[in-house]
>>> print(open('run-v2.txt').read())   # compact mmCIF, C-alpha atoms
# COMPACT_ATOMS: atom_id res chain seq x y z
CA MET A 1 -13.18 11.44 6.67
CA GLU A 2 -11.73 14.75 5.67
CA THR A 3 -11.44 15.02 1.93
CA THR A 4 -10.23 18.56 1.40
CA VAL A 5 -7.30 20.54 2.67
CA ASP A 6 -7.95 24.18 3.40
CA HIS A 7 -4.48 25.32 4.27
CA ILE A 8 -1.17 23.76 5.24
CA ASP A 9 1.22 26.38 6.54
CA ASP A 10 3.94 24.40 8.25
CA LEU A 11 5.87 21.16 8.07
CA GLU A 12 4.03 19.65 11.03
CA GLU A 13 0.66 20.06 9.29
CA LEU A 14 2.11 18.63 6.08
CA PHE A 15 3.34 15.61 8.05
CA TYR A 16 -0.09 15.13 9.63
CA HIS A 17 -1.79 15.42 6.23
CA LYS A 18 0.54 12.84 4.65
CA LEU A 19 0.16 10.56 7.68
CA ALA A 20 -3.63 10.74 7.39
CA GLN A 21 -3.37 9.90 3.69
CA GLN A 22 -1.20 6.89 4.45
CA TYR A 23 -3.67 5.77 7.09
CA TYR A 24 -6.42 5.93 4.46
CA ILE A 25 -4.27 3.97 2.01
CA GLU A 26 -3.49 1.19 4.48
CA GLU A 27 -7.11 0.85 5.59
CA GLU A 28 -8.35 0.75 1.99
CA LEU A 29 -5.72 -1.81 1.02
CA VAL A 30 -6.90 -4.35 3.61
CA GLY A 31 -10.07 -4.87 1.56
CA THR A 32 -8.26 -4.77 -1.76
CA LEU A 33 -5.65 -7.30 -0.66
CA ASP A 34 -8.39 -9.56 0.66
CA GLU A 35 -10.23 -9.35 -2.66
CA MET A 36 -7.09 -10.11 -4.68
CA ALA A 37 -6.15 -12.98 -2.33
CA ILE A 38 -9.57 -14.53 -2.94
CA ASN A 39 -9.67 -13.90 -6.69
CA ALA A 40 -6.07 -14.77 -7.62
CA THR A 41 -5.90 -18.29 -9.01
CA ASN A 42 -2.15 -18.63 -8.50
CA ASP A 43 -1.62 -20.05 -5.01
CA ARG A 44 1.67 -18.25 -4.40
CA LEU A 45 0.17 -14.92 -5.42
CA SER A 46 -3.00 -15.52 -3.39
CA ASP A 47 -1.01 -16.48 -0.29
CA GLY A 48 1.24 -13.44 -0.72
CA PHE A 49 -1.72 -11.08 -0.85
CA ALA A 50 -3.30 -12.74 2.21
CA ASP A 51 -0.04 -12.46 4.15
CA HIS A 52 0.39 -8.80 3.20
CA ARG A 53 -3.23 -8.10 4.15
CA ASP A 54 -2.47 -9.35 7.66
CA GLU A 55 0.77 -7.34 7.70
CA THR A 56 -1.18 -4.26 6.60
CA ARG A 57 -3.43 -4.58 9.65
CA THR A 58 -0.30 -4.35 11.81
CA GLN A 59 0.86 -1.33 9.80
CA ILE A 60 -2.48 0.37 10.55
CA ARG A 61 -1.93 -0.19 14.28
CA ARG A 62 1.53 1.34 13.99
CA LEU A 63 0.11 4.40 12.26
CA GLU A 64 -2.45 4.70 15.05
CA ASP A 65 0.46 4.62 17.51
CA VAL A 66 2.09 7.49 15.59
CA PHE A 67 -1.11 9.52 15.77
CA ALA A 68 -1.27 8.83 19.52
CA ALA A 69 2.37 9.89 19.97
CA LEU A 70 1.49 13.14 18.20
CA ASP A 71 -1.53 13.51 20.49
CA ARG A 72 -3.71 13.80 17.38
CA PRO A 73 -6.73 11.75 16.35
CA ALA A 74 -6.17 9.00 13.79
CA GLU A 75 -7.69 10.60 10.73
CA ARG A 76 -8.21 9.37 7.19
CA ARG A 77 -7.65 11.72 4.29
CA GLU A 78 -8.30 10.59 0.76
CA ALA A 79 -5.30 9.70 -1.33
CA PRO A 80 -6.21 10.29 -4.98
CA ILE A 81 -3.23 8.27 -6.20
CA LEU A 82 -4.53 5.10 -4.53
CA ASP A 83 -8.08 5.77 -5.70
CA ALA A 84 -6.84 6.11 -9.29
CA LEU A 85 -4.84 2.88 -9.08
CA GLU A 86 -7.82 1.03 -7.66
CA GLU A 87 -10.12 2.37 -10.35
CA GLU A 88 -7.68 1.28 -13.06
CA ARG A 89 -7.23 -2.18 -11.53
CA ALA A 90 -10.98 -2.70 -11.27
CA THR A 91 -11.58 -1.49 -14.82
CA VAL A 92 -8.94 -3.77 -16.32
CA GLU A 93 -9.93 -6.69 -14.08
CA ASN A 94 -13.54 -6.43 -15.22
CA ALA A 95 -12.44 -6.52 -18.86
CA ILE A 96 -10.51 -9.80 -18.39
CA GLU A 97 -11.94 -13.29 -18.40
CA ASP A 98 -8.65 -15.23 -18.38
CA ASP A 99 -7.55 -16.13 -14.84
CA ASP A 100 -3.85 -16.09 -15.69
CA LEU A 101 -4.11 -12.67 -17.27
CA ARG A 102 -5.99 -11.42 -14.19
CA ASN A 103 -3.15 -12.75 -12.02
CA MET A 104 -0.74 -10.63 -14.07
CA VAL A 105 -2.93 -7.58 -13.45
CA TYR A 106 -2.85 -8.30 -9.72
CA LEU A 107 0.91 -8.77 -9.73
CA ASN A 108 1.44 -5.47 -11.53
CA ALA A 109 -1.08 -3.61 -9.35
CA GLY A 110 0.60 -4.95 -6.23
CA MET A 111 4.02 -3.84 -7.38
CA MET A 112 2.79 -0.36 -8.31
CA THR A 113 1.08 0.05 -4.96
CA GLU A 114 4.14 -1.09 -3.02
CA ARG A 115 6.32 1.44 -4.87
CA ILE A 116 3.90 4.22 -3.95
CA GLU A 117 3.80 3.11 -0.33
CA MET A 118 7.59 2.88 -0.07
CA THR A 119 7.86 6.43 -1.40
CA ALA A 120 5.18 7.67 1.01
CA TYR A 121 6.96 6.16 4.00
CA GLU A 122 10.29 7.58 2.84
CA GLY A 123 8.68 11.03 2.71
CA LEU A 124 7.06 10.65 6.12
CA THR A 125 10.34 9.49 7.65
CA SER A 126 12.21 12.39 6.08
CA ILE A 127 9.73 14.97 7.36
CA ALA A 128 9.71 13.32 10.81
CA GLY A 129 13.50 13.68 10.88
CA GLN A 130 13.32 17.35 9.87
CA LEU A 131 10.79 17.94 12.63
CA GLY A 132 13.07 16.26 15.17
CA TYR A 133 10.51 13.60 16.04
CA ASP A 134 11.88 10.81 18.19
CA ASP A 135 11.86 7.06 17.68
CA GLU A 136 8.31 6.78 19.03
CA ILE A 137 7.22 8.30 15.71
CA ARG A 138 10.07 7.36 13.41
CA LYS A 139 10.41 3.65 14.25
CA PRO A 140 6.82 2.63 13.33
CA LEU A 141 7.19 4.46 10.01
CA ALA A 142 10.53 2.72 9.34
CA SER A 143 9.01 -0.67 10.20
CA ASN A 144 6.14 -0.09 7.78
CA HIS A 145 8.60 1.02 5.09
CA ASP A 146 10.70 -2.11 5.58
CA GLU A 147 7.62 -4.32 5.24
CA GLU A 148 6.57 -2.54 2.04
CA LYS A 149 10.06 -3.07 0.60
CA SER A 150 9.88 -6.74 1.52
CA ALA A 151 6.43 -7.11 -0.07
CA TYR A 152 7.72 -5.46 -3.24
CA ARG A 153 10.72 -7.82 -3.37
CA GLU A 154 8.41 -10.83 -2.97
CA LEU A 155 6.14 -9.64 -5.78
CA SER A 156 9.13 -8.88 -7.98
CA ALA A 157 10.52 -12.37 -7.36
CA MET A 158 7.20 -13.85 -8.46
CA GLU A 159 7.66 -12.31 -11.90
CA THR A 160 10.44 -14.78 -12.62
CA ALA A 161 9.28 -17.70 -10.47
CA ALA A 162 8.75 -20.97 -12.32
CA ASP A 163 4.99 -21.07 -11.70
CA MET A 164 4.59 -17.52 -13.04
CA LYS A 165 7.01 -18.13 -15.94
CA SER A 166 4.61 -20.65 -17.43
CA LEU A 167 1.90 -17.98 -17.29
CA TRP A 168 4.17 -15.46 -19.01
CA ASP A 169 4.98 -18.02 -21.69
CA ARG A 170 1.31 -18.78 -22.29
CA LEU A 171 0.30 -15.11 -22.36
CA THR A 172 3.16 -13.80 -24.47
CA PRO A 173 2.54 -13.87 -28.21
CA SER A 174 5.01 -16.03 -30.14
>>> encode(input="run-v2.txt", output="structure tokens")
Amino acid sequence: METTVDHIDDLEELFYHKLAQQYYIEEELVGTLDEMAINATNDRLSDGFADHRDETRTQIRRLEDVFAALDRPAERREAPILDALEEERATVENAIEDDDLRNMVYLNAGMMTERIEMTAYEGLTSIAGQLGYDDEIRKPLASNHDEEKSAYRELSAMETAADMKSLWDRLTPS
């Protein structure tokens, strides 16, 4: 995996760099989503993470299709923003013994990650449009973006769902 960038001197190289970062993010998130699906004690949250893990595998295949359409190898480039979020989640998770509180950490981490992914796909789609790339490249990116938006909406809805409300009530000081 390439971890440094020597020089980006055109929009096409910037697109490739950002695509490789998103590929890294999606591949890393498969393991993270699996871990959170296993460790979440709220069934709805656990099932949501498991479903999105499976969806993320499809997103990876779409990114590989984009690389192929560009006639470039599927390459992973580190994404420091994801690494920082993962480090923070792990640090906080390890400091918590209460299952309900851990579920809240997972919910928040999931929402933060989805926001970052939505923004990344919006940027990739914008650059692809500026470069005049056709639907073979733009459609997979749009599909991934739509799935990230949907995952975010589902997580956001869980914040106010009845089963999560009881957790909020228990965890919120009176």
>>> residues_around(input="run-v2.txt", residues="Gly48 (chain A)", least_positions_apart="5", cutoff="10 Å", atoms="only C-alpha atoms", output="ChimeraX atom specification")
/A:33,36-37,42-43,53,151,154-155,158
>>> closest_residue(input="run-v2.txt", among="A:Val66, A:Leu141, A:Leu85, A:Ile25", to="Met112 (chain A)", atoms="all atoms listed in the file")
A:Leu85
>>> closest_residue(input="run-v2.txt", among="A:Ser143, A:Thr160, A:Ser150, A:Thr125", to="Thr58 (chain A)", atoms="only C-alpha atoms")
A:Ser143
>>> atom_distance(input="run-v2.txt", atom1="CA of Met104 (chain A)", atom2="CA of Gln21 (chain A)")
27.3 Å
>>> closest_residue(input="run-v2.txt", among="A:Ser126, A:Ser46, A:Thr113, A:Thr32", to="Ile81 (chain A)", atoms="only C-alpha atoms")
A:Thr113
>>> closest_residue(input="run-v2.txt", among="A:Leu101, A:Leu11, A:Ala142, A:Ala69", to="Ala120 (chain A)", atoms="only C-alpha atoms")
A:Ala142
>>> closest_residue(input="run-v2.txt", among="A:Ala20, A:Asp99, A:Glu55, A:Arg77", to="Glu147 (chain A)", atoms="only C-alpha atoms")
A:Glu55
>>> residues_near_point(input="run-v2.txt", point="(6.2, 0.9, 4.7)", cutoff="9 Å", atoms="only C-alpha atoms", output="list of chain:residue names")
A:Gln59, A:Glu114, A:Glu117, A:Met118, A:Thr119, A:Ala120, A:Tyr121, A:Glu122, A:Pro140, A:Leu141, A:Ala142, A:Ser143, A:Asn144, A:His145, A:Asp146, A:Glu147, A:Glu148, A:Lys149
>>> closest_residue(input="run-v2.txt", among="A:Gly123, A:Pro73, A:Gly132, A:Gly31", to="Ala50 (chain A)", atoms="only C-alpha atoms")
A:Gly31
>>> atom_distance(input="run-v2.txt", atom1="CA of Asp34 (chain A)", atom2="CA of Tyr152 (chain A)")
17.1 Å
